[in-house]
file target.json (JSON, C-alpha atoms and all ligand atoms)
[["chain", "number", "residue", "atom", "x", "y", "z"],
["X", 307, "MET", "CA", -13.53, -21.37, -9.11],
["X", 308, "SER", "CA", -14.42, -17.91, -7.85],
["X", 309, "ILE", "CA", -12.69, -14.66, -8.81],
["X", 310, "ARG", "CA", -13.12, -11.57, -6.66],
["X", 311, "ILE", "CA", -12.13, -7.95, -7.22],
["X", 312, "GLY", "CA", -10.88, -5.71, -4.43],
["X", 313, "TYR", "CA", -10.23, -1.99, -4.19],
["X", 314, "GLY", "CA", -8.24, 0.05, -1.68],
["X", 315, "ILE", "CA", -7.38, 3.72, -1.24],
["X", 316, "ASP", "CA", -5.19, 5.41, 1.34],
["X", 317, "PHE", "CA", -4.08, 8.94, 2.22],
["X", 318, "HIS", "CA", -1.31, 10.30, 4.40],
["X", 319, "GLN", "CA", -0.09, 13.77, 5.20],
["X", 320, "LEU", "CA", 3.45, 14.71, 4.24],
["X", 321, "VAL", "CA", 5.34, 16.43, 7.06],
["X", 322, "GLU", "CA", 8.90, 17.33, 7.97],
["X", 323, "GLY", "CA", 10.70, 15.13, 10.48],
["X", 324, "ARG", "CA", 9.32, 11.80, 9.24],
["X", 325, "ASP", "CA", 10.86, 9.18, 6.93],
["X", 326, "LEU", "CA", 9.08, 8.48, 3.66],
["X", 327, "PHE", "CA", 8.20, 4.82, 3.16],
["X", 328, "ILE", "CA", 6.40, 3.87, -0.04],
["X", 329, "GLY", "CA", 5.98, 0.32, -1.31],
["X", 330, "GLY", "CA", 8.08, -1.09, 1.50],
["X", 331, "ILE", "CA", 11.17, 0.97, 0.83],
["X", 332, "LYS", "CA", 12.58, 4.17, 2.32],
["X", 333, "ILE", "CA", 12.78, 6.99, -0.21],
["X", 334, "PRO", "CA", 15.02, 10.00, 0.37],
["X", 335, "HIS", "CA", 12.87, 13.15, 0.61],
["X", 336, "GLU", "CA", 12.64, 16.28, 2.75],
["X", 337, "LYS", "CA", 9.21, 15.19, 4.01],
["X", 338, "GLY", "CA", 7.80, 11.89, 5.23],
["X", 339, "ALA", "CA", 4.31, 10.46, 5.64],
["X", 340, "LEU", "CA", 2.57, 11.03, 8.95],
["X", 341, "GLY", "CA", 0.76, 8.10, 10.56],
["X", 342, "HIS", "CA", 0.52, 5.68, 13.46],
["X", 343, "SER", "CA", 2.51, 3.04, 11.58],
["X", 344, "ASP", "CA", 5.34, 3.81, 9.16],
["X", 345, "ALA", "CA", 2.51, 5.33, 7.06],
["X", 346, "ASP", "CA", 3.30, 3.43, 3.87],
["X", 347, "VAL", "CA", 0.42, 4.64, 1.72],
["X", 348, "LEU", "CA", 0.92, 2.09, -1.06],
["X", 349, "LEU", "CA", 1.12, -0.95, 1.19],
["X", 350, "HIS", "CA", -1.97, 0.24, 3.07],
["X", 351, "ALA", "CA", -3.97, 0.62, -0.15],
["X", 352, "ILE", "CA", -2.87, -2.87, -1.22],
["X", 353, "CYS", "CA", -3.85, -4.33, 2.17],
["X", 354, "ASP", "CA", -7.30, -2.74, 1.82],
["X", 355, "ALA", "CA", -7.71, -4.05, -1.73],
["X", 356, "LEU", "CA", -6.83, -7.60, -0.60],
["X", 357, "LEU", "CA", -9.12, -7.40, 2.44],
["X", 358, "GLY", "CA", -11.88, -5.91, 0.32],
["X", 359, "ALA", "CA", -11.73, -8.70, -2.24],
["X", 360, "ALA", "CA", -12.11, -11.23, 0.58],
["X", 361, "CYS", "CA", -14.86, -9.13, 2.24],
["X", 362, "LEU", "CA", -12.79, -9.00, 5.43],
["X", 363, "GLY", "CA", -13.30, -5.36, 6.39],
["X", 364, "ASP", "CA", -10.47, -2.85, 6.20],
["X", 365, "ILE", "CA", -6.99, -2.28, 7.54],
["X", 366, "GLY", "CA", -8.34, -0.28, 10.49],
["X", 367, "VAL", "CA", -10.40, -3.26, 11.65],
["X", 368, "HIS", "CA", -7.43, -5.62, 11.74],
["X", 369, "PHE", "CA", -4.63, -3.20, 12.67],
["X", 370, "PRO", "CA", -6.23, -0.35, 14.66],
["X", 371, "ASP", "CA", -4.32, 2.93, 14.88],
["X", 372, "THR", "CA", -5.28, 3.10, 18.56],
["X", 373, "SER", "CA", -3.20, -0.02, 19.33],
["X", 374, "ALA", "CA", 0.33, 0.34, 20.73],
["X", 375, "GLU", "CA", 1.14, -2.94, 18.96],
["X", 376, "PHE", "CA", 1.06, -1.14, 15.61],
["X", 377, "LYS", "CA", 2.83, 2.09, 16.65],
["X", 378, "ASN", "CA", 5.51, 2.86, 14.01],
["X", 379, "ILE", "CA", 5.12, -0.70, 12.71],
["X", 380, "ASP", "CA", 6.74, -1.64, 9.41],
["X", 381, "SER", "CA", 3.79, -1.92, 7.00],
["X", 382, "LYS", "CA", 5.47, -4.91, 5.35],
["X", 383, "ILE", "CA", 4.45, -6.78, 8.51],
["X", 384, "LEU", "CA", 0.84, -5.63, 8.01],
["X", 385, "LEU", "CA", 0.95, -6.80, 4.39],
["X", 386, "ARG", "CA", 2.28, -10.19, 5.50],
["X", 387, "LYS", "CA", -0.51, -10.48, 8.09],
["X", 388, "THR", "CA", -3.07, -9.45, 5.48],
["X", 389, "LEU", "CA", -1.86, -12.24, 3.20],
["X", 390, "GLU", "CA", -2.33, -14.71, 6.07],
["X", 391, "LEU", "CA", -5.92, -13.45, 6.55],
["X", 392, "ILE", "CA", -6.90, -13.93, 2.91],
["X", 393, "LYS", "CA", -5.09, -17.28, 2.68],
["X", 394, "ALA", "CA", -7.06, -18.47, 5.70],
["X", 395, "GLU", "CA", -10.19, -17.81, 3.62],
["X", 396, "GLY", "CA", -8.79, -19.92, 0.77],
["X", 397, "TYR", "CA", -7.80, -17.06, -1.53],
["X", 398, "SER", "CA", -4.71, -16.59, -3.64],
["X", 399, "ILE", "CA", -3.70, -13.47, -5.56],
["X", 400, "ILE", "CA", -4.01, -13.24, -9.34],
["X", 401, "ASN", "CA", -2.68, -9.69, -9.73],
["X", 402, "ILE", "CA", -2.55, -6.23, -8.21],
["X", 403, "ASP", "CA", -2.57, -2.86, -9.98],
["X", 404, "SER", "CA", -1.88, 0.39, -8.19],
["X", 405, "THR", "CA", -1.41, 4.10, -8.73],
["X", 406, "LEU", "CA", 0.36, 6.58, -6.49],
["X", 407, "CYS", "CA", -0.67, 10.23, -6.60],
["X", 408, "LEU", "CA", 2.10, 12.52, -5.46],
["X", 409, "GLU", "CA", 3.87, 15.62, -6.67],
["X", 410, "ALA", "CA", 7.35, 14.74, -5.38],
["X", 411, "PRO", "CA", 9.62, 12.88, -5.21],
["X", 412, "LYS", "CA", 9.59, 11.10, -8.55],
["X", 413, "ILE", "CA", 9.14, 7.43, -7.71],
["X", 414, "LYS", "CA", 10.00, 5.89, -11.07],
["X", 415, "PRO", "CA", 13.58, 5.02, -9.97],
["X", 416, "TYR", "CA", 12.15, 3.03, -7.05],
["X", 417, "VAL", "CA", 9.31, 1.15, -8.74],
["X", 418, "ALA", "CA", 11.28, -2.00, -9.60],
["X", 419, "GLN", "CA", 12.50, -2.32, -6.01],
["X", 420, "MET", "CA", 8.97, -1.78, -4.65],
["X", 421, "GLN", "CA", 7.62, -4.46, -7.00],
["X", 422, "GLN", "CA", 10.27, -6.91, -5.81],
["X", 423, "VAL", "CA", 9.62, -6.22, -2.12],
["X", 424, "ILE", "CA", 5.85, -6.64, -2.52],
["X", 425, "ALA", "CA", 6.15, -9.69, -4.76],
["X", 426, "ASP", "CA", 8.45, -11.39, -2.24],
["X", 427, "ILE", "CA", 6.04, -10.76, 0.64],
["X", 428, "LEU", "CA", 2.96, -11.89, -1.29],
["X", 429, "GLY", "CA", 4.53, -14.85, -3.10],
["X", 430, "ILE", "CA", 3.70, -13.46, -6.55],
["X", 431, "THR", "CA", 5.92, -12.36, -9.42],
["X", 432, "VAL", "CA", 6.87, -8.76, -10.18],
["X", 433, "LYS", "CA", 4.66, -9.00, -13.28],
["X", 434, "ASP", "CA", 1.70, -9.49, -10.94],
["X", 435, "ILE", "CA", 2.21, -6.22, -9.06],
["X", 436, "SER", "CA", 1.90, -3.11, -11.17],
["X", 437, "ILE", "CA", 2.83, 0.27, -9.65],
["X", 438, "LYS", "CA", 2.06, 3.46, -11.55],
["X", 439, "ALA", "CA", 2.33, 7.09, -10.52],
["X", 440, "THR", "CA", 0.80, 10.41, -11.40],
["X", 441, "THR", "CA", 0.88, 13.97, -10.15],
["X", 442, "THR", "CA", -2.27, 16.06, -9.86],
["X", 443, "GLU", "CA", -0.77, 18.78, -12.09],
["X", 444, "THR", "CA", -0.11, 20.87, -8.94],
["X", 445, "MET", "CA", -3.80, 20.91, -7.98],
["X", 446, "GLY", "CA", -5.18, 20.27, -4.50],
["X", 447, "PHE", "CA", -3.45, 18.88, -1.40],
["X", 448, "VAL", "CA", -1.36, 16.49, -3.46],
["X", 449, "GLY", "CA", -0.25, 19.33, -5.71],
["X", 450, "ARG", "CA", 0.70, 21.44, -2.70],
["X", 451, "GLN", "CA", 2.72, 18.45, -1.40],
["X", 452, "GLU", "CA", 0.65, 18.34, 1.78],
["X", 453, "GLY", "CA", -0.11, 14.68, 1.29],
["X", 454, "LEU", "CA", -0.08, 11.66, -0.96],
["X", 455, "VAL", "CA", -2.63, 9.08, -2.09],
["X", 456, "ALA", "CA", -2.47, 5.48, -3.26],
["X", 457, "HIS", "CA", -5.13, 3.46, -5.07],
["X", 458, "ALA", "CA", -4.95, -0.30, -5.55],
["X", 459, "VAL", "CA", -7.10, -2.96, -7.13],
["X", 460, "CYS", "CA", -6.58, -6.69, -7.00],
["X", 461, "LEU", "CA", -8.05, -9.95, -8.19],
["X", 462, "LEU", "CA", -8.21, -12.94, -5.87],
["X", 463, "THR", "CA", -9.17, -16.47, -6.74],
["X", 464, "ALA", "CA", -10.45, -19.35, -4.64],
["X", 465, "GLU", "CA", -11.18, -22.99, -5.52],
["X", 466, "ARG", "CA", -14.91, -22.83, -4.84],
["X", 501, "MG", "MG", -2.66, 4.41, 5.89]]
call {"tool": "encode", "arguments": {"input": "target.json", "output": "structure tokens", "more": "lines below"}}
Ligand code: MG
result
Amino acid sequence: MSIRIGYGIDFHQLVEGRDLFIGGIKIPHEKGALGHSDADVLLHAICDALLGAACLGDIGVHFPDTSAEFKNIDSKILLRKTLELIKAEGYSIINIDSTLCLEAPKIKPYVAQMQQVIADILGITVKDISIKATTTETMGFVGRQEGLVAHAVCLLTAER
């Protein structure tokens, strides 16, 4: 049996006039994340962690932001497609841990719903998808609420 670690990080700007999607759910806020897709920073970091563990490149390789196919796409679809890619290589997910870095809004009230959405897509339990959050104590672009960041790590296993 092999066990592989993966790591992903993603950034998006926060701007007015966009919806804010994090962890597959829409969160009420005066700003939203800017991007080619729905700009779900957490799902993108998780996709990159999963792809990284399987040594399959990154999200930009599989879902290029120059492609009309992925314009404003729901990132839950990208996560589903990512699962198909790693499954095709014989991998299954042991667990995922993640941290969001953002000043506002507070995401704690939404974490359980995010866990459920992600667990349902990936066929894991909510105990296998940890979502944490921190501010940067008002420092830097995150502190100025110009953007947000997500980090994710995962473990995959394969019968080989
Ligand atoms: Mg992204």
call {"tool": "closest_atom_pairs", "arguments": {"input": "target.json", "of": "segment 384-407 of chain X", "to": "segment 360-379 of chain X", "cutoff": "12 Å", "atoms": "all atoms listed in the file", "output": "Markdown table"}}
result
| residue | atom | partner | partner_atom | distance |
| --- | --- | --- | --- | --- |
| X:Leu384 | CA | X:Phe369 | CA | 7.6 |
| X:Leu385 | CA | X:Ile365 | CA | 9.7 |
| X:Lys387 | CA | X:His368 | CA | 9.2 |
| X:Thr388 | CA | X:Ile365 | CA | 8.4 |
| X:Leu389 | CA | X:Ala360 | CA | 10.6 |
| X:Glu390 | CA | X:Ala360 | CA | 11.7 |
| X:Leu391 | CA | X:Leu362 | CA | 8.3 |
| X:Ile392 | CA | X:Ala360 | CA | 6.3 |
| X:Lys393 | CA | X:Ala360 | CA | 9.5 |
| X:Ala394 | CA | X:Ala360 | CA | 10.2 |
| X:Glu395 | CA | X:Ala360 | CA | 7.5 |
| X:Gly396 | CA | X:Ala360 | CA | 9.3 |
| X:Tyr397 | CA | X:Ala360 | CA | 7.6 |
| X:Ser398 | CA | X:Ala360 | CA | 10.1 |
| X:Ile399 | CA | X:Ala360 | CA | 10.7 |
call {"tool": "residues_near_ligand", "arguments": {"input": "target.json", "ligand": "ligand MG 501 (chain X)", "cutoff": "10 Å", "atoms": "all atoms listed in the file", "output": "JSON, numbers by chain"}}
result
{"X": [315, 316, 317, 318, 319, 339, 340, 341, 342, 343, 344, 345, 346, 347, 348, 349, 350, 351, 353, 354, 365, 366, 371, 381, 455, 456]}
call {"tool": "residues_near_point", "arguments": {"input": "target.json", "point": "(-14.0, -13.7, -2.7)", "cutoff": "7 Å", "atoms": "all atoms listed in the file", "output": "PDB file with C-alpha atoms, in the frame of the given file"}}
result
ATOM      1  CA  SER X 308     -14.420 -17.910  -7.850  1.00  0.00           C
ATOM      2  CA  ILE X 309     -12.690 -14.660  -8.810  1.00  0.00           C
ATOM      3  CA  ARG X 310     -13.120 -11.570  -6.660  1.00  0.00           C
ATOM      4  CA  ALA X 359     -11.730  -8.700  -2.240  1.00  0.00           C
ATOM      5  CA  ALA X 360     -12.110 -11.230   0.580  1.00  0.00           C
ATOM      6  CA  CYS X 361     -14.860  -9.130   2.240  1.00  0.00           C
ATOM      7  CA  LEU X 462      -8.210 -12.940  -5.870  1.00  0.00           C
ATOM      8  CA  THR X 463      -9.170 -16.470  -6.740  1.00  0.00           C
ATOM      9  CA  ALA X 464     -10.450 -19.350  -4.640  1.00  0.00           C
TER      10      ALA X 464
END
call {"tool": "atom_distance", "arguments": {"input": "target.json", "atom1": "atom CA of Leu356 of chain X", "atom2": "atom CA of Gln419 of chain X"}}
result
20.8 Å
call {"tool": "atom_distance", "arguments": {"input": "target.json", "atom1": "atom CA of Ile435 of chain X", "atom2": "atom CA of Val417 of chain X"}}
result
10.2 Å
call {"tool": "closest_residue", "arguments": {"input": "target.json", "among": "X:Gln451, X:Cys407, X:Tyr416, X:Val459", "to": "Glu322 of chain X", "atoms": "all atoms listed in the file"}}
result
X:Gln451
call {"tool": "atom_distance", "arguments": {"input": "target.json", "atom1": "atom CA of Ile352 of chain X", "atom2": "atom CA of Asp403 of chain X"}}
result
8.8 Å
call {"tool": "residues_around", "arguments": {"input": "target.json", "residues": "Glu336 of chain X", "least_positions_apart": "5", "cutoff": "10 Å", "atoms": "all atoms listed in the file", "output": "short mmCIF file (atom, residue, chain, number, x, y, z; two decimals) with C-alpha atoms, in the coordinates of the input"}}
result
data_model
loop_
_atom_site.label_atom_id
_atom_site.label_comp_id
_atom_site.auth_asym_id
_atom_site.auth_seq_id
_atom_site.Cartn_x
_atom_site.Cartn_y
_atom_site.Cartn_z
CA LEU X 320 3.45 14.71 4.24
CA VAL X 321 5.34 16.43 7.06
CA GLU X 322 8.90 17.33 7.97
CA GLY X 323 10.70 15.13 10.48
CA ARG X 324 9.32 11.80 9.24
CA ASP X 325 10.86 9.18 6.93
CA LEU X 326 9.08 8.48 3.66
CA ALA X 410 7.35 14.74 -5.38
CA PRO X 411 9.62 12.88 -5.21
#
call {"tool": "closest_residue", "arguments": {"input": "target.json", "among": "X:Ile427, X:Val432, X:Ile402, X:Ala418", "to": "His457 of chain X", "atoms": "only C-alpha atoms"}}
result
X:Ile402
call {"tool": "closest_residue", "arguments": {"input": "target.json", "among": "X:Lys438, X:Cys460, X:Leu406, X:Arg386", "to": "Asp426 of chain X", "atoms": "only C-alpha atoms"}}
result
X:Arg386
call {"tool": "build_atoms", "arguments": {"input": "target.json", "residues": "segment 418-444 of chain X", "atoms": "N, CA, C and O atoms", "output": "compact mmCIF listing (two decimals), keeping the file's coordinate frame"}}
result
# COMPACT_ATOMS: atom_id res chain seq x y z
N ALA X 418 10.85 -0.60 -9.46
CA ALA X 418 11.28 -2.00 -9.60
C ALA X 418 11.57 -2.61 -8.23
O ALA X 418 11.21 -3.77 -7.96
N GLN X 419 12.19 -1.83 -7.36
CA GLN X 419 12.50 -2.32 -6.01
C GLN X 419 11.22 -2.54 -5.20
O GLN X 419 11.08 -3.54 -4.48
N MET X 420 10.26 -1.61 -5.34
CA MET X 420 8.97 -1.78 -4.65
C MET X 420 8.28 -3.06 -5.12
O MET X 420 7.74 -3.82 -4.31
N GLN X 421 8.26 -3.26 -6.45
CA GLN X 421 7.62 -4.46 -7.00
C GLN X 421 8.24 -5.72 -6.42
O GLN X 421 7.54 -6.67 -6.06
N GLN X 422 9.58 -5.73 -6.32
CA GLN X 422 10.27 -6.91 -5.81
C GLN X 422 9.94 -7.16 -4.35
O GLN X 422 9.67 -8.30 -3.94
N VAL X 423 9.92 -6.09 -3.55
CA VAL X 423 9.62 -6.22 -2.12
C VAL X 423 8.21 -6.79 -1.94
O VAL X 423 7.98 -7.73 -1.17
N ILE X 424 7.25 -6.22 -2.67
CA ILE X 424 5.85 -6.64 -2.52
C ILE X 424 5.65 -8.06 -3.05
O ILE X 424 4.97 -8.88 -2.42
N ALA X 425 6.26 -8.35 -4.19
CA ALA X 425 6.15 -9.69 -4.76
C ALA X 425 6.70 -10.75 -3.80
O ALA X 425 6.11 -11.81 -3.62
N ASP X 426 7.84 -10.43 -3.17
CA ASP X 426 8.45 -11.39 -2.24
C ASP X 426 7.54 -11.65 -1.04
O ASP X 426 7.41 -12.79 -0.58
N ILE X 427 6.92 -10.59 -0.52
CA ILE X 427 6.04 -10.76 0.64
C ILE X 427 4.81 -11.59 0.27
O ILE X 427 4.38 -12.48 1.01
N LEU X 428 4.24 -11.29 -0.91
CA LEU X 428 2.96 -11.89 -1.29
C LEU X 428 3.10 -13.21 -2.04
O LEU X 428 2.10 -13.88 -2.31
N GLY X 429 4.32 -13.60 -2.38
CA GLY X 429 4.53 -14.85 -3.10
C GLY X 429 3.98 -14.81 -4.52
O GLY X 429 3.45 -15.80 -5.02
N ILE X 430 4.10 -13.63 -5.16
CA ILE X 430 3.70 -13.46 -6.55
C ILE X 430 4.92 -12.99 -7.34
O ILE X 430 5.99 -12.78 -6.76
N THR X 431 4.78 -12.84 -8.65
CA THR X 431 5.92 -12.36 -9.42
C THR X 431 5.81 -10.84 -9.60
O THR X 431 4.73 -10.27 -9.41
N VAL X 432 6.89 -10.22 -9.98
CA VAL X 432 6.87 -8.76 -10.18
C VAL X 432 5.91 -8.36 -11.30
O VAL X 432 5.43 -7.23 -11.32
N LYS X 433 5.63 -9.30 -12.21
CA LYS X 433 4.66 -9.00 -13.28
C LYS X 433 3.22 -9.00 -12.76
O LYS X 433 2.30 -8.60 -13.46
N ASP X 434 3.04 -9.46 -11.53
CA ASP X 434 1.70 -9.49 -10.94
C ASP X 434 1.43 -8.30 -10.03
O ASP X 434 0.36 -8.20 -9.45
N ILE X 435 2.41 -7.41 -9.90
CA ILE X 435 2.21 -6.22 -9.06
C ILE X 435 2.64 -4.98 -9.85
O ILE X 435 3.83 -4.69 -9.98
N SER X 436 1.67 -4.31 -10.37
CA SER X 436 1.90 -3.11 -11.17
C SER X 436 1.85 -1.87 -10.26
O SER X 436 0.96 -1.78 -9.40
N ILE X 437 2.80 -0.97 -10.43
CA ILE X 437 2.83 0.27 -9.65
C ILE X 437 3.00 1.43 -10.63
O ILE X 437 4.01 1.51 -11.34
N LYS X 438 2.01 2.30 -10.66
CA LYS X 438 2.06 3.46 -11.55
C LYS X 438 2.06 4.71 -10.67
O LYS X 438 1.81 4.64 -9.48
N ALA X 439 2.34 5.85 -11.29
CA ALA X 439 2.33 7.09 -10.52
C ALA X 439 1.86 8.24 -11.38
O ALA X 439 2.06 8.25 -12.60
N THR X 440 1.22 9.19 -10.71
CA THR X 440 0.80 10.41 -11.40
C THR X 440 0.93 11.58 -10.43
O THR X 440 0.94 11.39 -9.21
N THR X 441 1.03 12.76 -10.96
CA THR X 441 0.88 13.97 -10.15
C THR X 441 -0.58 14.42 -10.30
O THR X 441 -1.35 13.80 -11.04
N THR X 442 -0.95 15.48 -9.62
CA THR X 442 -2.27 16.06 -9.86
C THR X 442 -2.12 17.40 -10.58
O THR X 442 -2.97 18.29 -10.44
N GLU X 443 -1.02 17.54 -11.33
CA GLU X 443 -0.77 18.78 -12.09
C GLU X 443 -0.83 20.00 -11.17
O GLU X 443 -1.41 21.02 -11.51
N THR X 444 -0.25 19.85 -10.00
CA THR X 444 -0.11 20.87 -8.94
C THR X 444 -1.43 21.26 -8.25
O THR X 444 -1.46 22.16 -7.43
